[in-house]
$ cat target27.txt   # compact mmCIF, C-alpha atoms
# COMPACT_ATOMS: atom_id res chain seq x y z
CA MET A 1 -30.22 -17.41 134.66
CA SER A 2 -27.89 -17.76 131.69
CA SER A 3 -25.80 -15.78 129.26
CA ASN A 4 -29.06 -14.85 127.53
CA ASP A 5 -29.85 -12.69 130.58
CA LEU A 6 -26.78 -10.56 129.93
CA PRO A 7 -27.20 -7.40 127.84
CA SER A 8 -26.91 -8.15 124.13
CA LEU A 9 -26.06 -4.77 122.69
CA GLY A 10 -24.76 -4.78 119.15
CA ALA A 11 -22.41 -2.18 117.70
CA GLY A 12 -20.13 -1.58 114.79
CA SER A 13 -22.38 0.26 112.35
CA PRO A 14 -23.61 3.86 112.51
CA GLY A 15 -26.29 4.51 115.10
CA ALA A 16 -29.98 4.50 114.25
CA ASN A 17 -32.70 6.59 115.86
CA LEU A 18 -35.28 3.81 116.22
CA PRO A 19 -36.78 2.63 119.51
CA ALA A 20 -35.98 -0.99 118.63
CA LEU A 21 -32.28 -0.09 118.48
CA ARG A 22 -32.16 1.76 121.77
CA GLY A 23 -29.84 -0.86 123.26
CA HIS A 24 -27.63 -0.75 120.18
CA ASN A 25 -27.32 3.03 120.39
CA THR A 26 -26.59 2.94 124.11
CA ALA A 27 -23.81 0.44 123.45
CA LEU A 28 -22.31 2.82 120.87
CA VAL A 29 -22.28 5.67 123.38
CA LEU A 30 -20.94 3.53 126.23
CA GLY A 31 -18.22 2.18 123.95
CA LEU A 32 -17.04 5.68 123.13
CA LEU A 33 -17.13 6.72 126.77
CA ARG A 34 -14.99 3.71 127.62
CA ALA A 35 -12.57 4.46 124.77
CA ALA A 36 -12.24 8.10 125.86
CA GLY A 37 -11.02 7.16 129.34
CA GLY A 38 -10.71 9.79 132.05
CA GLU A 39 -10.45 12.66 129.57
CA GLY A 40 -14.05 12.12 128.54
CA VAL A 41 -15.94 13.10 125.40
CA SER A 42 -18.54 15.76 124.61
CA ARG A 43 -22.08 15.11 123.43
CA LEU A 44 -21.30 16.66 120.05
CA GLU A 45 -18.33 14.31 119.64
CA LEU A 46 -20.54 11.37 120.60
CA ALA A 47 -23.04 12.38 117.95
CA ALA A 48 -20.33 12.84 115.32
CA HIS A 49 -18.75 9.44 115.98
CA THR A 50 -21.95 7.41 116.33
CA GLY A 51 -24.09 8.96 113.62
CA LEU A 52 -26.83 9.64 116.19
CA THR A 53 -28.60 12.97 116.38
CA PRO A 54 -27.59 15.33 119.21
CA GLN A 55 -31.09 14.87 120.66
CA ALA A 56 -30.69 11.09 120.75
CA VAL A 57 -27.27 11.40 122.37
CA SER A 58 -28.67 13.78 125.00
CA LYS A 59 -31.41 11.29 125.91
CA ILE A 60 -28.98 8.41 126.15
CA THR A 61 -26.41 10.29 128.22
CA ALA A 62 -29.12 11.63 130.53
CA ARG A 63 -30.22 8.07 131.22
CA LEU A 64 -26.64 6.92 131.75
CA ARG A 65 -26.04 9.75 134.21
CA SER A 66 -29.23 8.92 136.12
CA GLU A 67 -28.05 5.32 136.40
CA GLY A 68 -24.64 6.44 137.64
CA LEU A 69 -22.80 5.06 134.62
CA ALA A 70 -21.65 8.44 133.30
CA ALA A 71 -20.70 11.73 134.93
CA GLU A 72 -19.52 15.19 133.93
CA ALA A 73 -15.75 15.54 133.58
CA GLY A 74 -15.48 19.31 133.18
CA ARG A 75 -15.73 21.53 130.13
CA ARG A 76 -13.71 21.92 126.94
CA ALA A 77 -12.11 25.27 126.17
CA SER A 78 -14.37 27.34 123.94
CA THR A 79 -13.49 27.80 120.27
CA GLY A 80 -16.00 30.60 119.83
CA GLY A 81 -19.22 29.08 121.15
CA LYS A 82 -20.39 27.80 124.50
CA PRO A 83 -17.81 25.55 126.20
CA ALA A 84 -18.78 21.90 125.71
CA THR A 85 -19.53 19.74 128.74
CA VAL A 86 -17.41 16.61 128.75
CA LEU A 87 -18.77 13.27 129.96
CA ARG A 88 -16.84 10.25 131.18
CA LEU A 89 -17.60 6.67 132.12
CA VAL A 90 -17.79 5.98 135.88
CA PRO A 91 -15.60 2.85 136.19
CA GLY A 92 -16.84 1.79 139.61
CA ALA A 93 -20.53 2.14 138.82
CA ARG A 94 -20.85 -1.58 138.07
CA HIS A 95 -18.62 -4.63 138.26
CA ALA A 96 -18.21 -8.05 136.68
CA VAL A 97 -16.79 -11.26 138.12
CA GLY A 98 -14.30 -13.23 136.05
CA LEU A 99 -13.50 -16.87 136.89
CA HIS A 100 -10.63 -18.91 135.45
CA LEU A 101 -11.22 -22.57 136.24
CA ASP A 102 -7.86 -24.16 135.56
CA ARG A 103 -7.30 -27.84 136.18
CA ASP A 104 -5.68 -27.23 139.56
CA GLU A 105 -6.42 -23.60 140.48
CA LEU A 106 -9.26 -21.10 140.56
CA THR A 107 -8.53 -17.44 139.85
CA ALA A 108 -11.37 -15.01 140.56
CA VAL A 109 -11.33 -11.29 139.79
CA LEU A 110 -13.75 -8.44 140.29
CA ALA A 111 -13.42 -5.96 137.41
CA ASP A 112 -14.81 -2.45 137.00
CA LEU A 113 -16.38 -1.14 133.79
CA THR A 114 -12.99 -0.46 132.23
CA GLY A 115 -12.00 -4.10 132.74
CA ARG A 116 -9.51 -3.26 135.49
CA ALA A 117 -9.35 -5.83 138.28
CA VAL A 118 -10.13 -4.20 141.63
CA ALA A 119 -9.96 -7.44 143.66
CA GLU A 120 -8.54 -10.93 143.13
CA ARG A 121 -8.58 -14.31 144.84
CA ARG A 122 -6.88 -17.63 144.13
CA ALA A 123 -7.64 -21.09 145.51
CA PRO A 124 -6.65 -24.70 144.78
CA LEU A 125 -9.06 -26.50 142.48
CA ALA A 126 -9.51 -30.11 141.40
CA PHE A 127 -11.30 -29.65 138.08
CA GLU A 128 -11.22 -33.36 137.29
CA ALA A 129 -13.10 -34.08 140.54
CA GLY A 130 -16.33 -32.90 138.96
CA ALA A 131 -19.07 -30.35 139.37
CA GLU A 132 -19.93 -30.40 143.08
CA GLN A 133 -16.42 -29.71 144.34
CA VAL A 134 -15.80 -27.06 141.70
CA LEU A 135 -19.10 -25.26 142.32
CA THR A 136 -18.54 -25.28 146.08
CA THR A 137 -15.11 -23.68 145.62
CA VAL A 138 -16.53 -21.13 143.17
CA GLU A 139 -19.34 -20.18 145.55
CA ARG A 140 -16.98 -19.74 148.50
CA GLU A 141 -14.37 -17.69 146.64
CA VAL A 142 -16.84 -15.41 144.87
CA ALA A 143 -18.62 -14.70 148.18
CA ALA A 144 -15.28 -13.75 149.74
CA LEU A 145 -14.36 -11.65 146.71
CA LEU A 146 -17.59 -9.65 146.84
CA ALA A 147 -17.48 -9.26 150.62
CA ALA A 148 -13.97 -7.85 150.49
CA ALA A 149 -14.78 -5.46 147.65
CA ASP A 150 -18.10 -4.22 149.07
CA GLY A 151 -18.76 -2.34 145.81
CA PRO A 152 -21.78 -1.48 143.65
CA GLY A 153 -23.90 -4.00 141.77
CA VAL A 154 -22.42 -6.92 139.86
CA LEU A 155 -23.61 -7.35 136.27
CA GLY A 156 -22.78 -11.03 136.03
CA VAL A 157 -20.06 -13.65 136.10
CA GLY A 158 -17.90 -14.86 133.24
CA VAL A 159 -16.58 -18.42 133.50
CA ALA A 160 -13.54 -19.55 131.52
CA CYS A 161 -12.39 -23.16 131.62
CA PRO A 162 -10.79 -25.86 129.45
CA GLY A 163 -12.74 -26.98 126.41
CA PRO A 164 -14.24 -28.35 124.35
CA LEU A 165 -17.55 -26.70 125.23
CA ASP A 166 -20.52 -24.94 123.68
CA HIS A 167 -20.49 -21.22 124.35
CA THR A 168 -24.10 -20.87 123.18
CA THR A 169 -25.69 -23.51 125.39
CA GLY A 170 -23.25 -23.16 128.27
CA GLU A 171 -22.48 -26.89 128.33
CA LEU A 172 -19.15 -28.64 128.59
CA HIS A 173 -18.20 -31.49 126.27
CA ARG A 174 -15.67 -34.25 126.88
CA VAL A 175 -12.86 -32.17 128.36
CA THR A 176 -9.48 -33.85 127.89
CA GLY A 177 -8.62 -35.68 131.10
CA ALA A 178 -11.99 -34.84 132.69
CA PRO A 179 -14.66 -36.90 130.89
CA ARG A 180 -17.20 -36.65 133.73
CA TRP A 181 -17.94 -33.06 132.67
CA ASP A 182 -19.35 -34.19 129.31
CA GLY A 183 -22.78 -32.58 128.82
CA PHE A 184 -22.75 -30.70 132.14
CA PRO A 185 -24.58 -27.29 132.01
CA LEU A 186 -21.85 -25.37 133.82
CA ARG A 187 -23.07 -21.91 132.89
CA ASP A 188 -26.52 -22.44 134.36
CA ALA A 189 -25.15 -24.24 137.41
CA VAL A 190 -22.85 -21.31 138.23
CA ALA A 191 -25.72 -18.86 137.71
CA ALA A 192 -27.93 -20.83 140.09
CA ARG A 193 -25.24 -21.10 142.78
CA LEU A 194 -24.29 -17.42 142.66
CA GLY A 195 -27.65 -15.85 141.84
CA LEU A 196 -26.05 -13.92 139.00
CA PRO A 197 -26.32 -14.05 135.19
CA ALA A 198 -23.46 -16.14 133.82
CA VAL A 199 -21.68 -16.72 130.53
CA LEU A 200 -19.27 -19.56 129.70
CA ASP A 201 -16.39 -19.79 127.25
CA LYS A 202 -13.10 -21.57 126.73
CA ASP A 203 -10.17 -20.18 128.69
CA THR A 204 -8.26 -19.28 125.54
CA ASN A 205 -11.27 -17.50 124.00
CA ALA A 206 -11.78 -15.45 127.14
CA ALA A 207 -8.12 -14.43 127.21
CA ALA A 208 -8.15 -13.51 123.52
CA LEU A 209 -11.27 -11.39 123.99
CA GLY A 210 -9.69 -9.51 126.88
CA LEU A 211 -6.47 -8.98 124.94
CA ASP A 212 -8.38 -7.73 121.92
CA ARG A 213 -10.44 -5.21 123.91
CA ALA A 214 -7.23 -3.84 125.42
CA ARG A 215 -5.56 -3.17 122.04
CA PRO A 216 -5.49 0.48 121.03
CA ASP A 217 -6.78 0.06 117.47
CA GLY A 218 -8.83 -3.13 117.63
CA THR A 219 -7.89 -4.19 114.10
CA GLY A 220 -5.91 -7.04 112.57
CA SER A 221 -5.59 -10.68 113.58
CA PHE A 222 -3.65 -12.54 116.22
CA GLY A 223 -3.39 -15.94 117.84
CA TYR A 224 -3.10 -16.30 121.62
CA LEU A 225 -1.30 -19.55 122.53
CA HIS A 226 -1.80 -20.66 126.13
CA LEU A 227 0.58 -23.29 127.52
CA GLY A 228 -0.18 -24.26 131.08
CA THR A 229 -1.66 -27.53 132.27
CA GLY A 230 -2.74 -27.95 128.63
CA LEU A 231 -2.29 -26.14 125.33
CA GLY A 232 -4.91 -24.17 123.42
CA ALA A 233 -5.39 -21.09 121.27
CA GLY A 234 -7.69 -18.10 121.13
CA LEU A 235 -8.15 -16.51 117.71
CA VAL A 236 -8.99 -12.92 116.86
CA LEU A 237 -9.50 -12.60 113.09
CA ASP A 238 -10.05 -9.20 111.45
CA GLY A 239 -10.72 -7.64 114.85
CA ARG A 240 -13.27 -10.23 116.03
CA LEU A 241 -13.00 -13.19 118.37
CA TYR A 242 -13.52 -16.34 116.29
CA ARG A 243 -15.16 -19.24 118.13
CA GLY A 244 -16.46 -21.24 115.19
CA PRO A 245 -20.10 -22.31 114.82
CA ARG A 246 -19.77 -24.92 117.61
CA THR A 247 -17.12 -23.17 119.77
CA GLY A 248 -14.67 -25.63 118.28
CA ALA A 249 -12.04 -23.20 116.99
CA GLY A 250 -8.74 -22.96 118.82
CA GLU A 251 -8.23 -26.64 119.76
CA PHE A 252 -4.64 -25.89 118.86
CA GLY A 253 -3.05 -28.44 121.17
CA HIS A 254 -4.62 -31.40 119.40
CA GLN A 255 -3.13 -30.91 115.96
CA ILE A 256 -1.05 -34.00 115.20
CA VAL A 257 2.54 -33.17 114.23
CA GLN A 258 4.18 -36.56 114.83
CA LEU A 259 2.28 -39.64 113.67
CA ASP A 260 4.18 -42.02 115.97
CA GLY A 261 4.53 -39.50 118.80
CA PRO A 262 3.60 -39.87 122.47
CA ARG A 263 -0.01 -40.65 123.37
CA CYS A 264 -2.06 -37.63 124.31
CA ASP A 265 -4.75 -37.53 126.99
CA CYS A 266 -7.25 -37.01 124.17
CA GLY A 267 -6.56 -40.59 123.05
CA ARG A 268 -4.56 -39.89 119.91
CA GLN A 269 -0.81 -39.85 119.30
CA GLY A 270 1.57 -37.06 118.43
CA CYS A 271 -0.56 -34.08 119.44
CA ILE A 272 1.44 -30.92 119.89
CA GLU A 273 0.11 -30.63 123.45
CA ALA A 274 1.52 -34.03 124.36
CA LEU A 275 4.90 -33.14 122.80
CA CYS A 276 5.10 -29.81 124.61
CA LEU A 277 4.06 -31.15 128.01
CA ALA A 278 6.37 -34.18 127.73
CA ALA A 279 9.32 -31.93 126.86
CA VAL A 280 8.57 -29.59 129.76
CA ALA A 281 8.24 -32.52 132.17
CA GLY A 282 11.62 -33.81 130.97
CA GLY A 283 13.32 -30.44 131.45
CA ASP A 284 13.73 -29.93 127.70
CA LEU A 285 12.50 -26.34 127.39
CA PRO A 286 14.14 -25.77 123.98
CA GLY A 287 12.32 -28.84 122.68
CA ALA A 288 9.01 -27.65 124.10
CA ALA A 289 9.55 -24.19 122.60
CA ARG A 290 10.39 -25.66 119.21
CA ALA A 291 7.23 -27.78 119.23
CA LEU A 292 5.18 -24.74 120.18
CA GLY A 293 6.90 -22.75 117.44
CA VAL A 294 6.10 -25.38 114.82
CA GLY A 295 2.45 -25.15 115.82
CA ALA A 296 2.58 -21.35 115.71
CA ALA A 297 4.08 -21.47 112.21
CA ASN A 298 1.30 -23.84 111.12
CA LEU A 299 -1.24 -21.34 112.46
CA VAL A 300 0.38 -18.51 110.52
CA GLU A 301 0.37 -20.60 107.36
CA LEU A 302 -3.30 -21.44 107.80
CA LEU A 303 -4.74 -18.07 108.87
CA ASP A 304 -2.17 -15.44 107.85
CA ILE A 305 -2.38 -13.76 111.27
CA ASP A 306 -0.41 -10.63 112.16
CA GLN A 307 0.95 -11.61 115.56
CA VAL A 308 1.41 -14.51 117.98
CA LEU A 309 0.93 -13.86 121.70
CA LEU A 310 2.13 -16.35 124.30
CA GLY A 311 0.69 -16.95 127.75
CA GLY A 312 -0.02 -19.59 130.38
CA ARG A 313 1.89 -20.53 133.49
CA THR A 314 4.51 -22.65 131.71
CA VAL A 315 5.42 -19.86 129.32
CA LEU A 316 5.36 -17.24 132.07
CA ALA A 317 7.71 -19.34 134.20
CA HIS A 318 10.25 -19.54 131.32
CA PRO A 319 9.49 -16.64 128.95
CA GLU A 320 12.83 -16.29 127.20
CA PRO A 321 13.20 -19.88 125.96
CA PHE A 322 9.65 -19.90 124.63
CA LEU A 323 9.81 -16.46 123.02
CA GLY A 324 13.12 -17.33 121.38
CA GLY A 325 12.07 -20.79 120.24
CA VAL A 326 8.77 -19.65 118.74
CA ALA A 327 10.43 -16.65 117.08
CA ARG A 328 13.00 -18.92 115.40
CA GLU A 329 10.32 -21.18 113.96
CA LEU A 330 8.33 -18.20 112.69
CA ALA A 331 11.47 -16.76 111.09
CA ALA A 332 12.21 -20.10 109.42
CA GLN A 333 8.64 -20.24 108.13
CA ALA A 334 8.98 -16.74 106.69
CA ARG A 335 12.23 -17.65 104.92
CA THR A 336 10.58 -20.57 103.13
CA ARG A 337 8.22 -18.08 101.52
CA GLY A 338 11.06 -16.47 99.59
CA GLY A 339 11.86 -12.84 98.98
CA GLY A 340 9.51 -11.75 96.23
CA SER A 341 7.82 -8.38 96.09
CA GLY A 342 4.93 -9.66 98.21
CA ALA A 343 7.14 -11.13 100.94
CA ARG A 344 6.66 -9.97 104.49
CA PRO A 345 8.91 -10.22 107.54
CA ALA A 346 8.33 -12.97 110.07
CA VAL A 347 5.19 -12.62 112.14
CA SER A 348 6.07 -11.12 115.52
CA VAL A 349 5.78 -13.00 118.80
CA ALA A 350 5.38 -11.46 122.25
CA LEU A 351 4.22 -12.26 125.75
CA ALA A 352 0.53 -11.54 126.17
CA PRO A 353 -0.20 -8.61 128.49
CA GLY A 354 -1.96 -9.48 131.71
CA GLY A 355 0.36 -12.23 132.88
CA ALA A 356 -1.13 -14.98 135.03
CA ARG A 357 -4.45 -13.12 135.26
CA ALA A 358 -5.08 -12.86 131.51
CA VAL A 359 -7.75 -15.57 131.42
CA ALA A 360 -9.62 -14.34 134.51
CA ASP A 361 -9.55 -10.76 133.22
CA GLY A 362 -10.87 -12.02 129.90
CA ALA A 363 -13.63 -13.92 131.68
CA ALA A 364 -14.82 -10.67 133.24
CA GLU A 365 -14.73 -9.13 129.76
CA LEU A 366 -17.18 -11.81 128.60
CA VAL A 367 -19.72 -10.00 130.79
CA LEU A 368 -18.58 -6.44 130.06
CA ALA A 369 -18.09 -6.60 126.28
CA PRO A 370 -21.80 -6.73 125.34
CA LEU A 371 -22.37 -3.44 127.17
CA PHE A 372 -19.96 -1.69 124.85
CA GLY A 373 -20.84 -3.34 121.55
CA THR A 374 -19.31 -6.13 119.55
CA ARG A 375 -16.99 -3.69 117.78
CA ARG A 376 -14.88 -1.32 119.83
CA PRO A 377 -15.33 2.25 118.52
CA ALA A 378 -12.36 4.54 118.15
CA LEU A 379 -12.35 8.27 118.75
CA ARG A 380 -11.03 9.90 115.61
CA PRO A 381 -9.67 13.43 115.60
CA SER A 382 -12.45 15.94 114.89

$ encode --input "target27.txt" --output "structure tokens"
Amino acid sequence: MSSNDLPSLGAGSPGANLPALRGHNTALVLGLLRAAGGEGVSRLELAAHTGLTPQAVSKITARLRSEGLAAEAGRRASTGGKPATVLRLVPGARHAVGLHLDRDELTAVLADLTGRAVAERRAPLAFEAGAEQVLTTVEREVAALLAAADGPGVLGVGVACPGPLDHTTGELHRVTGAPRWDGFPLRDAVAARLGLPAVLDKDTNAAALGLDRARPDGTGSFGYLHLGTGLGAGLVLDGRLYRGPRTGAGEFGHQIVQLDGPRCDCGRQGCIEALCLAAVAGGDLPGAARALGVGAANLVELLDIDQVLLGGRTVLAHPEPFLGGVARELAAQARTRGGGSGARPAVSVALAPGGARAVADGAAELVLAPLFGTRRPALRPS
């Protein structure tokens, strides 16, 4: 099985009452149920916000209730007519597994339909050791995770690991420091070991997707910079995760900022990843933060993003130096742009929500997101 076995339900445009778009329309309804939370939403509101007819909404919600995905959540106070029945998503009706394969640690989470982790496991991992050891660890930890949770059916497993890789084919390329993975079909191998549909993406993409789905408005652009055992970026542009046509976007750590700088594990010199990691290893946190800030300012110059979010174990272990250092570089970048009528304040920087589990949570979202559509709907006041 592969990521192609996962539901592929589009969303983002008004609903259509055509049998061929049944999955699309269901995704619209599920997305609104998820957005409504525990308060729920009425069928009339679902129709108004999706563009579907009330009859189509009734058919969809009846099917969702029969499958245990939706349930009644009471009635709305009457405004003159019959009180409206309110429906809500049933979070525990299905689950997704999210795996973060870091270079030295596996984090596994079991998430409900809202994306909330209901169980978590961590284990040492030697990613550079190759496929057999990694797959054995994955199989053991996921079995323990599911046994402890003892919950309803699992939709699939999302796998997030260092890149470069091809999200579409599920294959790894020549991962920096781990060349033996080059060409390995990790997605399909995980699916075969676990007996579950699987989807693969870069760790930074998974984190960015999870962060985007958790934002209240789902608009704008941001860059997620992850500094841990390596350095990479996840990009959300105009409310959409941007992978690039070959999943090559976000190789942030391998931009060269010092031509005669230290040699990087990728084989070149002066990569920002090498500068950051060397500074951290030498105890020079201000220097590491400045290097990261220079890269963040370059990203702002290139893509005009609205916000920079920081994550990864190195940042989380020393948040204040990194937040301060990156903020100073972004402020300096803003000052160079002058004070004309079109000038804007410095782009903001903040710690990414989710902490050390951000990548694993995002990996679970790789499985969940297609159920709710590629665009997250918002409930507007009636």

$ residues_around --input "target27.txt" --residues "A:Gly250" --least-positions-apart "6" --cutoff "10 Å" --atoms "all atoms listed in the file" --output "MDAnalysis selection string"
chainID A and resid 163:164 202 204:205 223:225 231:235 242:244 299

$ closest_residue --input "target27.txt" --among "A:Gln258, A:Thr137, A:Thr50, A:Ser348" --to "A:Leu125" --atoms "all atoms listed in the file"
A:Thr137

$ residues_around --input "target27.txt" --residues "A:Ala178" --least-positions-apart "3" --cutoff "9 Å" --atoms "all atoms listed in the file" --output "list in words"
Phe127, Glu128, Ala129, Gly130, Arg174, Val175, Trp181 and Asp182 of chain A

$ atom_distance --input "target27.txt" --atom1 "atom CA of A:Leu351" --atom2 "atom CA of A:Leu110"
23.4 Å

$ residues_around --input "target27.txt" --residues "A:Gly220" --least-positions-apart "4" --cutoff "7 Å" --atoms "all atoms listed in the file" --output "list in words"
Leu237, Asp238, Gly239 and Asp306 of chain A

$ closest_residue --input "target27.txt" --among "A:Ala143, A:Ile305, A:Leu69, A:Ala191" --to "A:Val109" --atoms "all atoms listed in the file"
A:Ala143

$ closest_residue --input "target27.txt" --among "A:Ala214, A:Leu259, A:Leu186, A:Cys266" --to "A:Ala35" --atoms "all atoms listed in the file"
A:Ala214

$ residues_near_point --input "target27.txt" --point "(9.6, -30.5, 125.6)" --cutoff "12 Å" --atoms "only C-alpha atoms" --output "PyMOL selection string"
chain A and resi 227+262+272-293+314+321-322+325

$ residues_around --input "target27.txt" --residues "stretch 87-104 of chain A" --least-positions-apart "4" --cutoff "8 Å" --atoms "only C-alpha atoms" --output "PyMOL selection string"
chain A and resi 30+33-34+36-43+68-74+108-114+124-128+142+151-162+203+229+359-365+367-368

$ residues_around --input "target27.txt" --residues "A:Ser58" --least-positions-apart "4" --cutoff "12 Å" --atoms "all atoms listed in the file" --output "list in words"
Asn25, Thr26, Val29, Ser42, Arg43, Leu44, Glu45, Leu46, Ala47, Leu52, Thr53, Pro54, Ala62, Arg63, Leu64, Arg65, Thr85 and Leu87 of chain A

$ atom_distance --input "target27.txt" --atom1 "atom CA of A:Phe252" --atom2 "atom CA of A:Ala123"
27.2 Å

$ closest_residue --input "target27.txt" --among "A:Asp217, A:Phe372, A:Arg180, A:His167" --to "A:Ala198" --atoms "all atoms listed in the file"
A:His167

$ atom_distance --input "target27.txt" --atom1 "atom CA of A:Ala369" --atom2 "atom CA of A:Thr219"
16.1 Å

$ closest_residue --input "target27.txt" --among "A:Thr247, A:Gly228, A:Arg122, A:Gly31" --to "A:Gly170" --atoms "all atoms listed in the file"
A:Thr247

$ axis_aligned_box --input "target27.txt" --around "stretch 357-364 of chain A" --padding-each-side "6 Å" --output "AutoDock Vina command-line options"
--center_x -9.6 --center_y -13.1 --center_z 132.6 --size_x 22.4 --size_y 16.9 --size_z 17.4

$ closest_residue --input "target27.txt" --among "A:Arg121, A:Asp166, A:Val199, A:Gly248" --to "A:Ala147" --atoms "all atoms listed in the file"
A:Arg121

$ decode --input "target27.txt" --residues "stretch 184-248 of chain A" --atoms "C-alpha atoms" --output "JSON list (two decimals), in the first residue's frame"
[["chain", "number", "residue", "atom", "x", "y", "z"],
["A", 184, "PHE", "CA", 15.02, 3.48, -1.00],
["A", 185, "PRO", "CA", 11.16, 3.21, -1.21],
["A", 186, "LEU", "CA", 10.58, 4.04, 2.46],
["A", 187, "ARG", "CA", 6.87, 4.77, 2.14],
["A", 188, "ASP", "CA", 6.07, 1.38, 0.64],
["A", 189, "ALA", "CA", 8.41, -0.43, 3.02],
["A", 190, "VAL", "CA", 6.67, 1.08, 6.05],
["A", 191, "ALA", "CA", 3.26, 0.23, 4.59],
["A", 192, "ALA", "CA", 4.31, -3.38, 4.05],
["A", 193, "ARG", "CA", 5.76, -3.74, 7.57],
["A", 194, "LEU", "CA", 2.75, -2.21, 9.32],
["A", 195, "GLY", "CA", -0.06, -3.34, 7.03],
["A", 196, "LEU", "CA", -1.33, 0.22, 6.83],
["A", 197, "PRO", "CA", -1.51, 2.85, 4.06],
["A", 198, "ALA", "CA", 1.48, 5.17, 4.37],
["A", 199, "VAL", "CA", 2.55, 8.60, 3.18],
["A", 200, "LEU", "CA", 6.07, 10.07, 3.31],
["A", 201, "ASP", "CA", 7.30, 13.65, 3.52],
["A", 202, "LYS", "CA", 10.21, 15.69, 4.79],
["A", 203, "ASP", "CA", 10.20, 16.40, 8.52],
["A", 204, "THR", "CA", 9.97, 20.14, 7.98],
["A", 205, "ASN", "CA", 7.07, 19.81, 5.51],
["A", 206, "ALA", "CA", 5.14, 17.64, 7.94],
["A", 207, "ALA", "CA", 5.66, 20.12, 10.76],
["A", 208, "ALA", "CA", 4.63, 23.06, 8.57],
["A", 209, "LEU", "CA", 1.47, 21.23, 7.49],
["A", 210, "GLY", "CA", 0.51, 20.52, 11.09],
["A", 211, "LEU", "CA", 1.21, 24.12, 12.11],
["A", 212, "ASP", "CA", -0.84, 25.44, 9.22],
["A", 213, "ARG", "CA", -3.87, 23.25, 10.00],
["A", 214, "ALA", "CA", -3.78, 24.48, 13.60],
["A", 215, "ARG", "CA", -3.90, 28.18, 12.67],
["A", 216, "PRO", "CA", -7.27, 29.82, 13.23],
["A", 217, "ASP", "CA", -7.57, 31.55, 9.84],
["A", 218, "GLY", "CA", -5.45, 29.41, 7.55],
["A", 219, "THR", "CA", -4.27, 32.37, 5.46],
["A", 220, "GLY", "CA", -0.95, 34.09, 4.84],
["A", 221, "SER", "CA", 2.56, 32.69, 4.55],
["A", 222, "PHE", "CA", 5.16, 31.53, 7.01],
["A", 223, "GLY", "CA", 8.46, 29.70, 7.17],
["A", 224, "TYR", "CA", 9.10, 27.00, 9.77],
["A", 225, "LEU", "CA", 12.83, 26.70, 10.53],
["A", 226, "HIS", "CA", 13.83, 23.46, 12.24],
["A", 227, "LEU", "CA", 17.24, 23.31, 13.91],
["A", 228, "GLY", "CA", 18.01, 19.97, 15.47],
["A", 229, "THR", "CA", 20.48, 17.39, 14.21],
["A", 230, "GLY", "CA", 20.26, 19.32, 10.92],
["A", 231, "LEU", "CA", 18.62, 22.46, 9.60],
["A", 232, "GLY", "CA", 15.68, 22.69, 7.22],
["A", 233, "ALA", "CA", 12.56, 24.70, 6.45],
["A", 234, "GLY", "CA", 8.90, 24.05, 5.79],
["A", 235, "LEU", "CA", 7.10, 26.67, 3.71],
["A", 236, "VAL", "CA", 3.43, 27.61, 3.75],
["A", 237, "LEU", "CA", 2.75, 30.15, 0.99],
["A", 238, "ASP", "CA", -0.66, 31.81, 0.62],
["A", 239, "GLY", "CA", -2.20, 29.23, 2.96],
["A", 240, "ARG", "CA", -0.77, 26.15, 1.20],
["A", 241, "LEU", "CA", 2.16, 23.90, 1.99],
["A", 242, "TYR", "CA", 4.75, 24.38, -0.77],
["A", 243, "ARG", "CA", 6.84, 21.31, -1.58],
["A", 244, "GLY", "CA", 8.01, 22.20, -5.06],
["A", 245, "PRO", "CA", 7.54, 19.94, -8.09],
["A", 246, "ARG", "CA", 10.20, 17.48, -6.86],
["A", 247, "THR", "CA", 9.74, 17.94, -3.07],
["A", 248, "GLY", "CA", 12.90, 20.03, -3.23]]
